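Visitor: The following block contains the structure, expressed as structure tokens.
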Amino acid sequence: MKLLTITRVVAVLCSGMMAGLLFGDWLGPSFARAAMNAASFIQFQQIVHINYLRTLPALSTVAIVAPLVWLIMLRARRNSAEFKVLLGATIAIAVGYTITFVFNVPVNNQLETWNITDPPANAREIWSQWEKAHVVRTIFWMFGFFLETLALAMPASHRPGAV
């Protein structure tokens, strides 16, 4: 298999996994978190956070590096639709990635210090900022994944005999 093909597949796979994970959290656990008492909420998030730390930093980093490599490999065709759509995808993913590190990670780090039996009085207020950033980053990751999928389909549509 060609290196470009591998890069394309890795990029779409990783951004799709990130988008799906974030979207899944938005659809389910975000509503559960809102209904939990403070102690249950903190316990739940601390458990989730510990498990996410095992995979998400690597997955999200590969999800941003792979489309950058893909763009570099396409630089000779920078006027092509594939390049332009991929550039949009990469920017969207980079924005989602940045939101995570600027807004979500600091709140996660703060939450890790909270005591389940003595939660801070403003725990919900602090967490609401995380939830807002989460919605925005999810939208960027989903849009980036959608654009990467389009970019992946573009080269095939320009090959002779392609459907």
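Naming works like this for the structure tokens: A, B, ... for the chains as they're shown, residue 1 at the start of each chain, ligands 1 onward in shown order.
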Name the residues in contact with Asn104 (chain A) at a cut-off of 12 Å, using only C-alpha atoms, excluding same-chain residues fewer than 6 positions from it; report them as a PyMOL selection string.
Guide: chain A and resi 49+96-98+110-111+126-138
Visitor: Quick one: residues within 10 Å of Val85 (chain A), only C-alpha atoms counted, chain neighbours fewer than 4 positions away excluded, as a list in words?
Guide: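 Everything that qualifies: Ser80, Ala81, Ala89, Thr90, Ile91, Gly144, Phe146, Leu147, Glu148, Thr149, Leu150, Ala151, Leu152 and Met154 of chain A.
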Visitor: Can I get the selection written as a PDB file, in the first residue's frame, with C-alpha atoms?
Guide:
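Generated file (again14.pdb):
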```pdb
ATOM      1  CA  SER A  80      -6.578  20.597  -6.216  1.00  0.00           C
ATOM      2  CA  ALA A  81      -9.959  20.266  -4.522  1.00  0.00           C
ATOM      3  CA  ALA A  89     -10.406  19.790   7.631  1.00  0.00           C
ATOM      4  CA  THR A  90      -6.976  20.261   9.168  1.00  0.00           C
ATOM      5  CA  ILE A  91      -7.836  23.761  10.347  1.00  0.00           C
ATOM      6  CA  GLY A 144     -13.044  18.230  10.339  1.00  0.00           C
ATOM      7  CA  PHE A 146     -16.604  15.279   7.503  1.00  0.00           C
ATOM      8  CA  LEU A 147     -14.163  17.328   5.402  1.00  0.00           C
ATOM      9  CA  GLU A 148     -11.448  14.667   5.682  1.00  0.00           C
ATOM     10  CA  THR A 149     -13.932  12.086   4.463  1.00  0.00           C
ATOM     11  CA  LEU A 150     -14.737  14.313   1.481  1.00  0.00           C
ATOM     12  CA  ALA A 151     -11.034  14.809   0.775  1.00  0.00           C
ATOM     13  CA  LEU A 152     -10.495  11.049   0.953  1.00  0.00           C
ATOM     14  CA  MET A 154     -11.928  13.182  -4.021  1.00  0.00           C
TER      15      MET A 154
END
```
Visitor: Rounded to one decimal in Å, what is the spacing between CA of Leu86 (chain A) and CA of Arg8 (chain A)?
Guide: 10.1 Å
Visitor: What is the CA of Asn108 (chain A)-CA of Gly88 (chain A) distance in Å, reported with one decimal?
Guide: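 Answer for the CA of Asn108 (chain A) to CA of Gly88 (chain A) separation: 28.5 Å.
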Visitor: Could you list, as a ChimeraX atom specification, every residue within 12 Å of Ile47 (chain A), counting only C-alpha atoms and ignoring same-chain residues fewer than 6 positions away?
Guide: /A:40-41,53-54,108,111-112,116
Visitor: Take the residues just selected and output them with C-alpha atoms as a PDB file, in the first residue's frame.
Guide:
```
ATOM      1  CA  SER A  40     -21.378  11.402  41.988  1.00  0.00           C
ATOM      2  CA  PHE A  41     -20.466  13.857  39.260  1.00  0.00           C
ATOM      3  CA  LEU A  53      -5.742   9.954  29.674  1.00  0.00           C
ATOM      4  CA  ARG A  54      -4.500   6.528  28.587  1.00  0.00           C
ATOM      5  CA  ASN A 108      -9.958  18.433  33.954  1.00  0.00           C
ATOM      6  CA  LEU A 111     -11.375  18.417  38.760  1.00  0.00           C
ATOM      7  CA  GLU A 112      -8.727  15.795  39.557  1.00  0.00           C
ATOM      8  CA  ILE A 116     -15.722  13.675  46.436  1.00  0.00           C
TER       9      ILE A 116
END
```
Visitor: Just to confirm, what's the straight-line distance from CA of Leu22 (chain A) to CA of Phe143 (chain A) in Å (one decimal)?
Guide: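 Distance reported for this atom pair: 12.2 Å.
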Visitor: So which one's closest to Leu71 (chain A), A:Pro120, A:Trp141, A:Pro57, A:Thr7? Using only C-alpha atoms, please.
Guide: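 Looking at the shortest contact to Leu71 (chain A), the residue is A:Thr7.
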